[in-house]
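*Asks:* target-v5.pdb (PDB, C-alpha atoms and all ligand atoms) pasted underneath:
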MODEL        1
ATOM      1  CA  MET A 668      45.480 -73.556 -31.892
ATOM      2  CA  ILE A 669      43.501 -71.069 -34.001
ATOM      3  CA  LYS A 670      43.809 -71.758 -37.740
ATOM      4  CA  SER A 671      42.917 -68.344 -39.092
ATOM      5  CA  LEU A 672      41.534 -65.112 -37.757
ATOM      6  CA  ASN A 673      39.230 -63.848 -40.486
ATOM      7  CA  THR A 674      36.087 -62.904 -38.626
ATOM      8  CA  PHE A 675      34.923 -61.386 -35.368
ATOM      9  CA  GLU A 676      32.768 -64.461 -34.817
ATOM     10  CA  THR A 677      35.876 -66.686 -34.871
ATOM     11  CA  LEU A 678      37.703 -64.306 -32.569
ATOM     12  CA  LEU A 679      34.881 -64.243 -30.034
ATOM     13  CA  SER A 680      34.247 -67.976 -29.964
ATOM     14  CA  TYR A 681      37.959 -68.871 -29.761
ATOM     15  CA  SER A 682      38.454 -66.331 -27.001
ATOM     16  CA  GLU A 683      35.507 -67.549 -24.950
ATOM     17  CA  GLU A 684      36.176 -71.259 -25.485
ATOM     18  CA  ASN A 685      39.829 -70.944 -24.498
ATOM     19  CA  ASN A 686      39.500 -68.112 -22.016
ATOM     20  CA  LEU A 687      42.072 -66.069 -23.898
ATOM     21  CA  PRO A 688      42.186 -62.282 -24.315
ATOM     22  CA  ILE A 689      42.324 -60.873 -27.830
ATOM     23  CA  TYR A 690      45.974 -59.849 -27.599
ATOM     24  CA  LYS A 691      47.053 -63.408 -26.798
ATOM     25  CA  ILE A 692      45.119 -64.781 -29.775
ATOM     26  CA  MET A 693      46.633 -62.166 -32.065
ATOM     27  CA  GLU A 694      50.116 -63.001 -30.773
ATOM     28  CA  GLU A 695      49.438 -66.655 -31.614
ATOM     29  CA  VAL A 696      48.285 -65.742 -35.136
ATOM     30  CA  GLU A 697      51.228 -63.420 -35.813
ATOM     31  CA  SER A 698      53.765 -65.776 -34.337
ATOM     32  CA  ARG A 699      52.694 -68.536 -36.688
ATOM     33  CA  ALA A 700      52.243 -66.311 -39.737
ATOM     34  CA  PHE A 701      55.699 -64.729 -39.492
ATOM     35  CA  ASP A 702      57.536 -67.523 -37.682
ATOM     36  CA  ILE A 703      58.651 -65.297 -34.842
ATOM     37  CA  THR A 704      58.363 -65.623 -31.083
ATOM     38  CA  VAL A 705      55.817 -63.814 -28.948
ATOM     39  CA  GLU A 706      58.721 -62.000 -27.265
ATOM     40  CA  GLU A 707      59.866 -60.681 -30.640
ATOM     41  CA  ILE A 708      56.335 -59.553 -31.483
ATOM     42  CA  ARG A 709      55.969 -57.713 -28.191
ATOM     43  CA  LYS A 710      59.380 -56.081 -28.665
ATOM     44  CA  LYS A 711      58.307 -54.766 -32.083
ATOM     45  CA  VAL A 712      54.999 -53.517 -30.685
ATOM     46  CA  LYS A 713      56.786 -51.786 -27.831
ATOM     47  CA  HIS A 714      58.966 -50.050 -30.407
ATOM     48  CA  ASN A 715      55.810 -48.754 -32.109
ATOM     49  CA  VAL A 716      54.358 -47.575 -28.799
ATOM     50  CA  ASP A 717      57.620 -45.703 -28.147
ATOM     51  CA  GLU A 718      57.451 -44.134 -31.607
ATOM     52  CA  MET A 719      53.862 -43.066 -30.947
ATOM     53  CA  LYS A 720      55.026 -41.337 -27.781
ATOM     54  CA  ASN A 721      57.876 -39.672 -29.664
ATOM     55  CA  SER A 722      55.523 -38.382 -32.340
ATOM     56  CA  ILE A 723      53.282 -36.870 -29.658
ATOM     57  CA  LYS A 724      56.269 -35.265 -27.923
ATOM     58  CA  ASN A 725      57.613 -33.838 -31.182
ATOM     59  CA  GLY A 726      54.190 -32.627 -32.294
ATOM     60  CA  LEU A 727      53.498 -30.908 -28.995
ATOM     61  CA  ALA A 728      56.824 -29.100 -29.177
ATOM     62  CA  CYS A 729      56.325 -27.758 -32.711
ATOM     63  CA  ARG A 730      54.243 -24.805 -33.849
ATOM     64  CA  GLU A 731      55.400 -24.800 -37.454
ATOM     65  CA  LYS A 732      53.088 -25.022 -40.417
ATOM     66  CA  SER A 733      53.318 -27.757 -43.013
ATOM     67  CA  GLN A 734      55.016 -26.979 -46.309
ATOM     68  CA  SER A 735      51.684 -26.131 -47.938
ATOM     69  CA  GLY A 736      50.648 -23.963 -45.003
ATOM     70  CA  LEU A 737      47.287 -25.752 -44.874
ATOM     71  CA  SER A 738      47.928 -27.175 -41.424
ATOM     72  CA  GLY A 739      50.093 -26.737 -38.356
ATOM     73  CA  GLY A 740      49.803 -24.605 -35.247
ATOM     74  CA  ASP A 741      46.336 -25.771 -34.198
ATOM     75  CA  CYS A 742      47.698 -28.112 -31.549
ATOM     76  CA  ALA A 743      49.453 -25.174 -29.880
ATOM     77  CA  LYS A 744      46.236 -23.135 -30.075
ATOM     78  CA  LEU A 745      44.214 -25.861 -28.430
ATOM     79  CA  ARG A 746      46.778 -26.311 -25.657
ATOM     80  CA  GLU A 747      46.710 -22.579 -24.954
ATOM     81  CA  LYS A 748      42.934 -22.658 -24.779
ATOM     82  CA  PHE A 749      42.926 -25.525 -22.277
ATOM     83  CA  LYS A 750      45.295 -23.570 -20.006
ATOM     84  CA  THR A 751      42.627 -20.951 -19.423
ATOM     85  CA  THR A 752      39.424 -22.818 -20.248
ATOM     86  CA  PRO A 753      39.564 -26.520 -19.421
ATOM     87  CA  ALA A 754      37.694 -28.950 -21.628
ATOM     88  CA  LEU A 755      34.136 -29.758 -20.632
ATOM     89  CA  PHE A 756      34.977 -33.461 -20.865
ATOM     90  CA  GLY A 757      38.016 -33.222 -18.579
ATOM     91  CA  SER A 758      41.697 -34.071 -18.759
ATOM     92  CA  LEU A 759      41.402 -37.273 -20.798
ATOM     93  CA  TYR A 760      39.625 -35.328 -23.529
ATOM     94  CA  GLU A 761      42.268 -32.591 -23.383
ATOM     95  CA  LYS A 762      45.024 -35.139 -23.845
ATOM     96  CA  ILE A 763      43.358 -37.106 -26.626
ATOM     97  CA  SER A 764      42.462 -33.997 -28.607
ATOM     98  CA  THR A 765      45.865 -32.314 -28.282
ATOM     99  CA  TYR A 766      47.842 -35.531 -28.792
ATOM    100  CA  SER A 767      45.892 -36.468 -31.916
ATOM    101  CA  LEU A 768      46.492 -32.990 -33.353
ATOM    102  CA  ALA A 769      50.164 -33.188 -32.396
ATOM    103  CA  VAL A 770      50.678 -36.445 -34.288
ATOM    104  CA  ILE A 771      48.685 -35.641 -37.417
ATOM    105  CA  GLU A 772      50.316 -32.209 -37.686
ATOM    106  CA  GLU A 773      53.686 -33.961 -37.440
ATOM    107  CA  ASN A 774      52.596 -36.176 -40.320
ATOM    108  CA  ALA A 775      51.704 -33.141 -42.431
ATOM    109  CA  ARG A 776      55.174 -31.692 -41.690
ATOM    110  CA  MET A 777      56.693 -34.986 -42.881
ATOM    111  CA  GLY A 778      57.753 -35.887 -39.352
ATOM    112  CA  LYS A 779      58.012 -39.453 -38.107
ATOM    113  CA  ILE A 780      54.727 -41.075 -37.055
ATOM    114  CA  VAL A 781      53.288 -44.580 -36.712
ATOM    115  CA  ALA A 782      50.844 -45.247 -39.543
ATOM    116  CA  CYS A 783      48.061 -46.980 -37.638
ATOM    117  CA  PRO A 784      46.450 -48.157 -39.812
ATOM    118  CA  THR A 785      47.526 -45.355 -42.197
ATOM    119  CA  ALA A 786      49.482 -42.118 -42.076
ATOM    120  CA  GLY A 787      46.309 -40.099 -42.622
ATOM    121  CA  SER A 788      44.772 -41.592 -39.485
ATOM    122  CA  CYS A 789      47.974 -41.732 -37.419
ATOM    123  CA  GLY A 790      46.739 -39.454 -34.630
ATOM    124  CA  ILE A 791      43.796 -41.609 -33.586
ATOM    125  CA  VAL A 792      45.185 -44.785 -32.015
ATOM    126  CA  SER A 793      48.375 -43.015 -30.886
ATOM    127  CA  SER A 794      46.536 -40.351 -28.906
ATOM    128  CA  VAL A 795      44.000 -42.686 -27.319
ATOM    129  CA  LEU A 796      46.650 -45.208 -26.300
ATOM    130  CA  VAL A 797      49.067 -42.707 -24.773
ATOM    131  CA  ALA A 798      46.434 -40.491 -23.132
ATOM    132  CA  LEU A 799      44.727 -43.474 -21.519
ATOM    133  CA  SER A 800      48.011 -44.896 -20.357
ATOM    134  CA  GLU A 801      48.832 -41.631 -18.628
ATOM    135  CA  GLU A 802      45.389 -41.123 -17.145
ATOM    136  CA  LEU A 803      44.954 -44.707 -15.923
ATOM    137  CA  ASN A 804      48.610 -45.219 -14.907
ATOM    138  CA  LEU A 805      48.957 -48.195 -17.203
ATOM    139  CA  THR A 806      52.078 -50.319 -17.479
ATOM    140  CA  GLU A 807      54.259 -50.938 -20.508
ATOM    141  CA  GLU A 808      52.685 -54.395 -20.762
ATOM    142  CA  ASP A 809      49.197 -52.844 -20.779
ATOM    143  CA  GLU A 810      50.210 -50.497 -23.596
ATOM    144  CA  ILE A 811      51.531 -53.386 -25.666
ATOM    145  CA  ASN A 812      48.322 -55.364 -25.052
ATOM    146  CA  MET A 813      46.266 -52.363 -26.163
ATOM    147  CA  LEU A 814      48.147 -51.953 -29.426
ATOM    148  CA  ILE A 815      48.011 -55.670 -30.225
ATOM    149  CA  THR A 816      44.264 -55.630 -29.523
ATOM    150  CA  ALA A 817      43.832 -52.648 -31.843
ATOM    151  CA  GLY A 818      45.896 -54.567 -34.400
ATOM    152  CA  ALA A 819      43.543 -57.550 -34.207
ATOM    153  CA  ILE A 820      40.622 -55.304 -35.181
ATOM    154  CA  GLY A 821      42.628 -53.818 -38.046
ATOM    155  CA  HIS A 822      43.674 -57.308 -39.141
ATOM    156  CA  ILE A 823      40.115 -58.665 -39.371
ATOM    157  CA  VAL A 824      38.661 -55.627 -41.150
ATOM    158  CA  SER A 825      41.602 -55.349 -43.560
ATOM    159  CA  ILE A 826      41.061 -58.905 -44.803
ATOM    160  CA  LYS A 827      37.855 -57.673 -46.463
ATOM    161  CA  LEU A 828      38.715 -54.039 -47.169
ATOM    162  CA  ALA A 829      42.108 -52.438 -47.659
ATOM    163  CA  PRO A 830      42.575 -49.580 -45.183
ATOM    164  CA  ALA A 831      42.886 -46.915 -47.837
ATOM    165  CA  GLY A 832      40.803 -43.863 -48.685
ATOM    166  CA  ALA A 833      41.303 -44.663 -52.357
ATOM    167  CA  VAL A 834      39.617 -48.033 -51.882
ATOM    168  CA  GLY A 835      36.914 -47.479 -49.299
ATOM    169  CA  GLY A 836      36.818 -43.785 -48.462
ATOM    170  CA  CYS A 837      37.826 -42.297 -45.125
ATOM    171  CA  GLN A 838      35.571 -44.774 -43.322
ATOM    172  CA  ALA A 839      38.293 -47.305 -44.182
ATOM    173  CA  GLU A 840      41.080 -45.108 -42.800
ATOM    174  CA  CYS A 841      39.975 -42.828 -39.973
ATOM    175  CA  GLY A 842      36.861 -44.937 -39.443
ATOM    176  CA  LEU A 843      38.907 -48.090 -38.991
ATOM    177  CA  ALA A 844      41.408 -46.228 -36.797
ATOM    178  CA  SER A 845      38.584 -45.138 -34.509
ATOM    179  CA  ALA A 846      37.390 -48.749 -34.244
ATOM    180  CA  MET A 847      40.924 -49.835 -33.385
ATOM    181  CA  ALA A 848      41.226 -47.046 -30.810
ATOM    182  CA  ALA A 849      37.872 -47.988 -29.266
ATOM    183  CA  ALA A 850      39.090 -51.574 -28.922
ATOM    184  CA  ALA A 851      42.371 -50.426 -27.360
ATOM    185  CA  CYS A 852      40.426 -48.261 -24.935
ATOM    186  CA  THR A 853      38.087 -51.092 -23.939
ATOM    187  CA  CYS A 854      41.062 -53.428 -23.549
ATOM    188  CA  ALA A 855      42.734 -50.916 -21.199
ATOM    189  CA  ARG A 856      39.574 -50.844 -19.101
ATOM    190  CA  LYS A 857      39.543 -54.647 -18.819
ATOM    191  CA  GLY A 858      36.476 -55.077 -20.987
ATOM    192  CA  THR A 859      35.542 -58.585 -22.120
ATOM    193  CA  THR A 860      36.300 -59.810 -25.622
ATOM    194  CA  LYS A 861      32.671 -59.216 -26.535
ATOM    195  CA  GLN A 862      32.819 -55.654 -25.228
ATOM    196  CA  ILE A 863      36.057 -54.979 -27.105
ATOM    197  CA  ILE A 864      34.598 -56.278 -30.370
ATOM    198  CA  HIS A 865      31.378 -54.326 -29.884
ATOM    199  CA  SER A 866      33.199 -51.113 -29.055
ATOM    200  CA  ALA A 867      35.038 -51.435 -32.378
ATOM    201  CA  THR A 868      31.817 -52.346 -34.161
ATOM    202  CA  LEU A 869      29.878 -49.415 -32.731
ATOM    203  CA  ALA A 870      32.630 -47.064 -33.886
ATOM    204  CA  LEU A 871      32.691 -48.570 -37.384
ATOM    205  CA  LYS A 872      28.946 -48.660 -37.925
ATOM    206  CA  ASN A 873      28.491 -45.026 -36.993
ATOM    207  CA  ILE A 874      31.112 -43.807 -39.404
ATOM    208  CA  LEU A 875      29.879 -45.695 -42.476
ATOM    209  CA  GLY A 876      29.902 -43.544 -45.575
ATOM    210  CA  LEU A 877      32.670 -41.155 -44.541
ATOM    211  CA  THR A 878      34.225 -39.975 -47.780
ATOM    212  CA  CYS A 879      37.835 -39.254 -48.640
ATOM    213  CA  ASP A 880      38.063 -35.770 -50.136
ATOM    214  CA  PRO A 881      41.447 -34.256 -49.307
ATOM    215  CA  VAL A 882      41.905 -30.718 -50.588
ATOM    216  CA  LEU A 883      44.576 -30.610 -53.325
ATOM    217  CA  GLY A 884      45.325 -34.257 -52.605
ATOM    218  CA  LEU A 885      47.202 -33.343 -49.440
ATOM    219  CA  VAL A 886      46.563 -35.256 -46.221
ATOM    220  CA  GLU A 887      45.695 -32.072 -44.349
ATOM    221  CA  VAL A 888      42.193 -30.750 -45.015
ATOM    222  CA  PRO A 889      39.963 -32.336 -43.717
ATOM    223  CA  CYS A 890      42.300 -35.059 -42.423
ATOM    224  CA  VAL A 891      43.964 -33.144 -39.573
ATOM    225  CA  LYS A 892      40.797 -32.148 -37.746
ATOM    226  CA  ARG A 893      39.145 -35.447 -38.628
ATOM    227  CA  ASN A 894      41.778 -37.221 -36.524
ATOM    228  CA  VAL A 895      40.761 -35.184 -33.467
ATOM    229  CA  PHE A 896      37.074 -35.879 -33.982
ATOM    230  CA  LEU A 897      37.525 -39.608 -34.483
ATOM    231  CA  ALA A 898      40.002 -40.058 -31.640
ATOM    232  CA  THR A 899      37.583 -38.573 -29.126
ATOM    233  CA  TYR A 900      34.652 -40.365 -30.772
ATOM    234  CA  SER A 901      36.276 -43.736 -30.105
ATOM    235  CA  ILE A 902      35.858 -43.154 -26.357
ATOM    236  CA  THR A 903      32.080 -42.925 -26.802
ATOM    237  CA  ALA A 904      32.087 -46.320 -28.511
ATOM    238  CA  SER A 905      34.049 -47.778 -25.610
ATOM    239  CA  GLU A 906      31.723 -46.228 -23.015
ATOM    240  CA  LEU A 907      28.671 -47.763 -24.679
ATOM    241  CA  ALA A 908      30.274 -51.185 -24.985
ATOM    242  CA  MET A 909      31.505 -51.127 -21.376
ATOM    243  CA  ALA A 910      27.887 -50.563 -20.350
ATOM    244  CA  GLY A 911      26.943 -53.767 -22.172
ATOM    245  CA  ILE A 912      25.391 -51.947 -25.128
ATOM    246  CA  GLU A 913      25.883 -53.987 -28.270
ATOM    247  CA  SER A 914      25.558 -53.347 -31.961
ATOM    248  CA  LYS A 915      22.253 -54.788 -33.183
ATOM    249  CA  ILE A 916      23.976 -55.514 -36.477
ATOM    250  CA  ALA A 917      26.473 -58.349 -35.983
ATOM    251  CA  PRO A 918      30.136 -57.230 -36.071
ATOM    252  CA  ASP A 919      30.986 -59.196 -39.225
ATOM    253  CA  ASP A 920      27.879 -57.837 -40.939
ATOM    254  CA  VAL A 921      29.034 -54.309 -40.106
ATOM    255  CA  VAL A 922      32.338 -55.083 -41.826
ATOM    256  CA  ASP A 923      30.388 -56.346 -44.863
ATOM    257  CA  ALA A 924      28.370 -53.114 -44.822
ATOM    258  CA  LEU A 925      31.621 -51.137 -44.674
ATOM    259  CA  VAL A 926      32.908 -53.003 -47.730
ATOM    260  CA  GLN A 927      29.665 -52.528 -49.661
ATOM    261  CA  THR A 928      29.493 -48.836 -48.747
ATOM    262  CA  GLY A 929      33.052 -48.418 -50.007
ATOM    263  CA  GLN A 930      32.139 -50.113 -53.282
ATOM    264  CA  LEU A 931      29.059 -47.941 -53.745
ATOM    265  CA  MET A 932      30.965 -44.742 -53.029
ATOM    266  CA  SER A 933      31.675 -42.639 -56.096
ATOM    267  CA  PRO A 934      35.332 -42.621 -57.223
ATOM    268  CA  LEU A 935      35.051 -38.821 -56.985
ATOM    269  CA  LEU A 936      34.920 -39.283 -53.210
ATOM    270  CA  LYS A 937      37.771 -41.756 -52.895
ATOM    271  CA  GLU A 938      41.005 -39.783 -52.655
ATOM    272  CA  THR A 939      40.776 -38.351 -56.156
ATOM    273  CA  SER A 940      40.136 -34.842 -54.827
ATOM    274  CA  GLN A 941      37.392 -34.402 -57.406
ATOM    275  CA  GLY A 942      34.426 -34.260 -55.068
ATOM    276  CA  GLY A 943      33.199 -33.210 -51.655
ATOM    277  CA  LEU A 944      35.317 -30.718 -49.714
ATOM    278  CA  ALA A 945      38.105 -30.970 -52.272
ATOM    279  CA  PHE A 946      35.750 -29.674 -54.969
ATOM    280  CA  THR A 947      34.553 -26.537 -53.193
ATOM    281  CA  LYS A 948      35.279 -22.891 -54.047
ATOM    282  CA  SER A 949      37.346 -22.616 -50.881
ATOM    283  CA  ALA A 950      39.487 -25.549 -51.951
ATOM    284  CA  ASP A 951      39.892 -24.027 -55.390
ATOM    285  CA  ASN A 952      41.114 -20.768 -53.869
ATOM    286  CA  PHE A 953      44.017 -22.579 -52.209
ATOM    287  CA  LYS A 954      45.399 -23.416 -55.650
ATOM    288  CA  GLU A 955      46.319 -19.757 -56.104
ATOM    289  CA  THR A 956      48.072 -19.383 -52.774
ATOM    290  CA  ILE A 957      49.867 -22.670 -52.269
ATOM    291  CA  LYS A 958      53.265 -23.144 -53.836
ATOM    292  CA  PHE A 959      54.697 -26.622 -54.238
TER     293      PHE A 959
HETATM  294  S1  LIG A1001      40.156 -37.815 -46.006
HETATM  295 FE1  LIG A1001      41.231 -39.348 -47.219
HETATM  296  S2  LIG A1001      43.399 -38.730 -47.163
HETATM  297 FE2  LIG A1001      42.338 -37.692 -45.459
HETATM  298  S3  LIG A1001      42.600 -39.059 -43.710
HETATM  299 FE3  LIG A1001      40.628 -39.561 -44.655
HETATM  300  S4  LIG A1001      41.131 -41.258 -46.033
HETATM  301 FE4  LIG A1001      43.083 -40.265 -45.524
ENDMDL
END
Please rewrite the model in this file as structure tokens.
*Replies:*
Amino acid sequence: MIKSLNTFETLLSYSEENNLPIYKIMEEVESRAFDITVEEIRKKVKHNVDEMKNSIKNGLACREKSQSGLSGGDCAKLREKFKTTPALFGSLYEKISTYSLAVIEENARMGKIVACPTAGSCGIVSSVLVALSEELNLTEEDEINMLITAGAIGHIVSIKLAPAGAVGGCQAECGLASAMAAAACTCARKGTTKQIIHSATLALKNILGLTCDPVLGLVEVPCVKRNVFLATYSITASELAMAGIESKIAPDDVVDALVQTGQLMSPLLKETSQGGLAFTKSADNFKETIKF
């Protein structure tokens, strides 16, 4: 039985030595940590998958703006565009991009979403999981395995760095979400444990340094569009890993680099709205027009 799951190295060696997929190891860890059965864990995860689907459905059906007016309506615009001009990358891309917008716009309207790992990054794992399930005709069991696998990545990274823009910048929120989504994607495609870990690692290492600079402190600009970019980006990480391409920097070292980058980042760029996009003339202009 695995004692603790603190590193990717432990995860990989335990998986290979015992011929266990990541989701089964994570179930073991969670079951012992919270003294609940695997059935109970899977039931809770299924509930979250269902809520992800609901948030996509609700987001797709709504064209309303958020209370600030800074976001909302872009999902509808993108769907209209795809009706006449399909996406260059095909139907999976269309689904991931519209679903991620649907969910993050719902969040900005104070609708119900699954924070995965955070509310500001809620569109990333949700859209990748549901779009892939639809495109690959996955089962309910597959969906649960995907989300637990994504959770294992979030679990290991979060031990060293809290998934919060205020702590590590957006690399720790949307960046981590994209790593989790890449892992879920690679899991759905029956990648090996090594490929799953490397897909997450490739996503993380290429997003290092992403700052958190929300305009007026609202999780809308740049957060809404950032969810679309990082959801689709996670597929690239999975493609590379499925081809056997690995990160030259070891996965646990990439996590250490993420932590160090977060520490070196100026507080002005960590959710204080005092730097970056939040400190531009355009952002300042919104102060005049937005009523709270
Ligand atoms: S910019 Fe900041 S508030 Fe917005 S999603 Fe990223 S971490 Fe969250």
*Asks:* Step by step: start from the point (43.0, -37.1, -52.7) in the file's coordinates, keep every protein, DNA or RNA residue that has an atom no farther than 8 Å from it, count all atoms listed in the file, and write the set as a PDB file with C-alpha atoms, keeping the file's coordinate frame.
*Replies:*
ATOM      1  CA  ALA A 833      41.303 -44.663 -52.357  1.00  0.00           C
ATOM      2  CA  CYS A 879      37.835 -39.254 -48.640  1.00  0.00           C
ATOM      3  CA  ASP A 880      38.063 -35.770 -50.136  1.00  0.00           C
ATOM      4  CA  PRO A 881      41.447 -34.256 -49.307  1.00  0.00           C
ATOM      5  CA  VAL A 882      41.905 -30.718 -50.588  1.00  0.00           C
ATOM      6  CA  LEU A 883      44.576 -30.610 -53.325  1.00  0.00           C
ATOM      7  CA  GLY A 884      45.325 -34.257 -52.605  1.00  0.00           C
ATOM      8  CA  LEU A 885      47.202 -33.343 -49.440  1.00  0.00           C
ATOM      9  CA  VAL A 886      46.563 -35.256 -46.221  1.00  0.00           C
ATOM     10  CA  LYS A 937      37.771 -41.756 -52.895  1.00  0.00           C
ATOM     11  CA  GLU A 938      41.005 -39.783 -52.655  1.00  0.00           C
ATOM     12  CA  THR A 939      40.776 -38.351 -56.156  1.00  0.00           C
ATOM     13  CA  SER A 940      40.136 -34.842 -54.827  1.00  0.00           C
ATOM     14  CA  GLN A 941      37.392 -34.402 -57.406  1.00  0.00           C
ATOM     15  CA  ALA A 945      38.105 -30.970 -52.272  1.00  0.00           C
TER      16      ALA A 945
END
*Asks:* Ranking A:Ile912, A:Lys872, A:Thr677, A:Ala904 by minimum distance to Thr853 in chain A and counting all atoms listed in the file, which one comes first?
*Replies:*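 Of A:Ile912, A:Lys872, A:Thr677, A:Ala904, the one nearest Thr853 in chain A is A:Ala904, counting all atoms listed in the file.
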*Asks:* Dump as a tab-separated table the rows for residues of chain A within 7 Å of ligand LIG 1001 (chain A): closest atom pair and distance in Å with one decimal, all atoms listed in the file counted, ordered by chain and rising residue number.
*Replies:*
residue	atom	partner	partner_atom	distance
A:Gly787	CA	A:LIG1001	S3	4.0
A:Ser788	CA	A:LIG1001	S3	5.4
A:Ala831	CA	A:LIG1001	S4	6.2
A:Gly832	CA	A:LIG1001	S4	3.7
A:Gly836	CA	A:LIG1001	S4	5.6
A:Cys837	CA	A:LIG1001	S4	3.6
A:Ala839	CA	A:LIG1001	S4	6.9
A:Glu840	CA	A:LIG1001	S4	5.0
A:Cys841	CA	A:LIG1001	FE3	5.7
A:Thr878	CA	A:LIG1001	S1	6.6
A:Cys879	CA	A:LIG1001	FE1	3.7
A:Asp880	CA	A:LIG1001	S1	5.1
A:Pro881	CA	A:LIG1001	S1	5.0
A:Leu885	CA	A:LIG1001	S2	7.0
A:Val886	CA	A:LIG1001	S2	4.8
A:Glu887	CA	A:LIG1001	FE2	6.6
A:Val888	CA	A:LIG1001	FE2	7.0
A:Pro889	CA	A:LIG1001	S1	5.9
A:Cys890	CA	A:LIG1001	FE2	4.0
A:Glu938	CA	A:LIG1001	FE1	5.5
*Asks:* Only C-alpha atoms, please: the residues just picked out, written as an mmCIF file, in the frame of the given file.
*Replies:*
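After the write, result-v6.cif holds the following:
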data_model
loop_
_atom_site.group_PDB
_atom_site.id
_atom_site.type_symbol
_atom_site.label_atom_id
_atom_site.label_comp_id
_atom_site.auth_asym_id
_atom_site.auth_seq_id
_atom_site.Cartn_x
_atom_site.Cartn_y
_atom_site.Cartn_z
ATOM 1 C CA GLY A 787 46.309 -40.099 -42.622
ATOM 2 C CA SER A 788 44.772 -41.592 -39.485
ATOM 3 C CA ALA A 831 42.886 -46.915 -47.837
ATOM 4 C CA GLY A 832 40.803 -43.863 -48.685
ATOM 5 C CA GLY A 836 36.818 -43.785 -48.462
ATOM 6 C CA CYS A 837 37.826 -42.297 -45.125
ATOM 7 C CA ALA A 839 38.293 -47.305 -44.182
ATOM 8 C CA GLU A 840 41.080 -45.108 -42.800
ATOM 9 C CA CYS A 841 39.975 -42.828 -39.973
ATOM 10 C CA THR A 878 34.225 -39.975 -47.780
ATOM 11 C CA CYS A 879 37.835 -39.254 -48.640
ATOM 12 C CA ASP A 880 38.063 -35.770 -50.136
ATOM 13 C CA PRO A 881 41.447 -34.256 -49.307
ATOM 14 C CA LEU A 885 47.202 -33.343 -49.440
ATOM 15 C CA VAL A 886 46.563 -35.256 -46.221
ATOM 16 C CA GLU A 887 45.695 -32.072 -44.349
ATOM 17 C CA VAL A 888 42.193 -30.750 -45.015
ATOM 18 C CA PRO A 889 39.963 -32.336 -43.717
ATOM 19 C CA CYS A 890 42.300 -35.059 -42.423
ATOM 20 C CA GLU A 938 41.005 -39.783 -52.655
#
*Asks:* What does the distance between CA of Glu913 in chain A and CA of Lys861 in chain A come to in Å, to one decimal place?
*Replies:*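 Computing it gives 8.7 Å between the two atoms.
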*Asks:* Around all the atoms of range 806-813 of chain A listed in the file, with 4 Å of room on each side, what axis-aligned box do you get, giving centre and edge lengths in Å to one decimal, as JSON?
*Replies:*
{"center_x": 50.3, "center_y": -52.8, "center_z": -21.8, "size_x": 16.0, "size_y": 13.0, "size_z": 16.7}
*Asks:* Need to verify the contact set: Ala844 in chain A, 10 Å, all atoms listed in the file, exclusion of same-chain residues closer than 3 positions in sequence. Can you return it as a PyMOL selection string?
*Replies:* chain A and resi 782-785+787-793+817-818+820-821+830+837-841+847-850+867+870-871+894+897-898+901
*Asks:* Just the residues within 7 Å of Val891 in chain A, please, counting all atoms listed in the file, with nothing from its chain fewer than 4 positions along; format it as a list in words.
*Replies:*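 Near Val891 in chain A, the qualifying residues are Leu768, Ile771, Glu772 and Glu887 of chain A.
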*Asks:* What does the distance from CA of Tyr900 in chain A to CA of Asn715 in chain A come to in Å, to one decimal?
*Replies:*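 Distance between the two atoms: 22.8 Å.
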*Asks:* Rank A:Val834, A:Met693, A:Met909, A:Leu796 by their smallest atom-to-atom distance to Leu936 in chain A, using all atoms listed in the file, and report the top residue only.
*Replies:*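 Nearest candidate to Leu936 in chain A out of A:Val834, A:Met693, A:Met909, A:Leu796: A:Val834.
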*Asks:* So what do you get for CA of Ile689 in chain A versus CA of Met813 in chain A, distance-wise?
*Replies:*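 According to the coordinates, CA of Ile689 in chain A and CA of Met813 in chain A are separated by 9.5 Å.
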*Asks:* Selection in question (the file shown): the PyMOL selection byres (((chain A and resi 739) around 9) and not hetatm). Which residues does it include, as number ranges by chain?
*Replies:* A: 729-733, 736-738, 740-743, 768-769, 772-773, 775-776, 891
*Asks:* For Gly778 in chain A, which residue among A:Ile723, A:Ala855, A:Val705, A:Val824 is the nearest when counting only C-alpha atoms?
*Replies:*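 Distance minimum relative to Gly778 in chain A lands on A:Ile723.
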*Asks:* Find the residue from A:Glu683, A:Gly858, A:Ile902, A:Glu807 that sits nearest to Ala846 in chain A; use all atoms listed in the file when measuring.
*Replies:*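 Of A:Glu683, A:Gly858, A:Ile902, A:Glu807, the one nearest Ala846 in chain A, counting all atoms listed in the file, is A:Ile902.
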*Asks:* Using all atoms listed in the file, pick whichever of A:Asn873, A:Thr860, A:Thr947, A:Thr816 has the shortest atom-to-atom distance to Glu684 in chain A.
*Replies:* A:Thr860
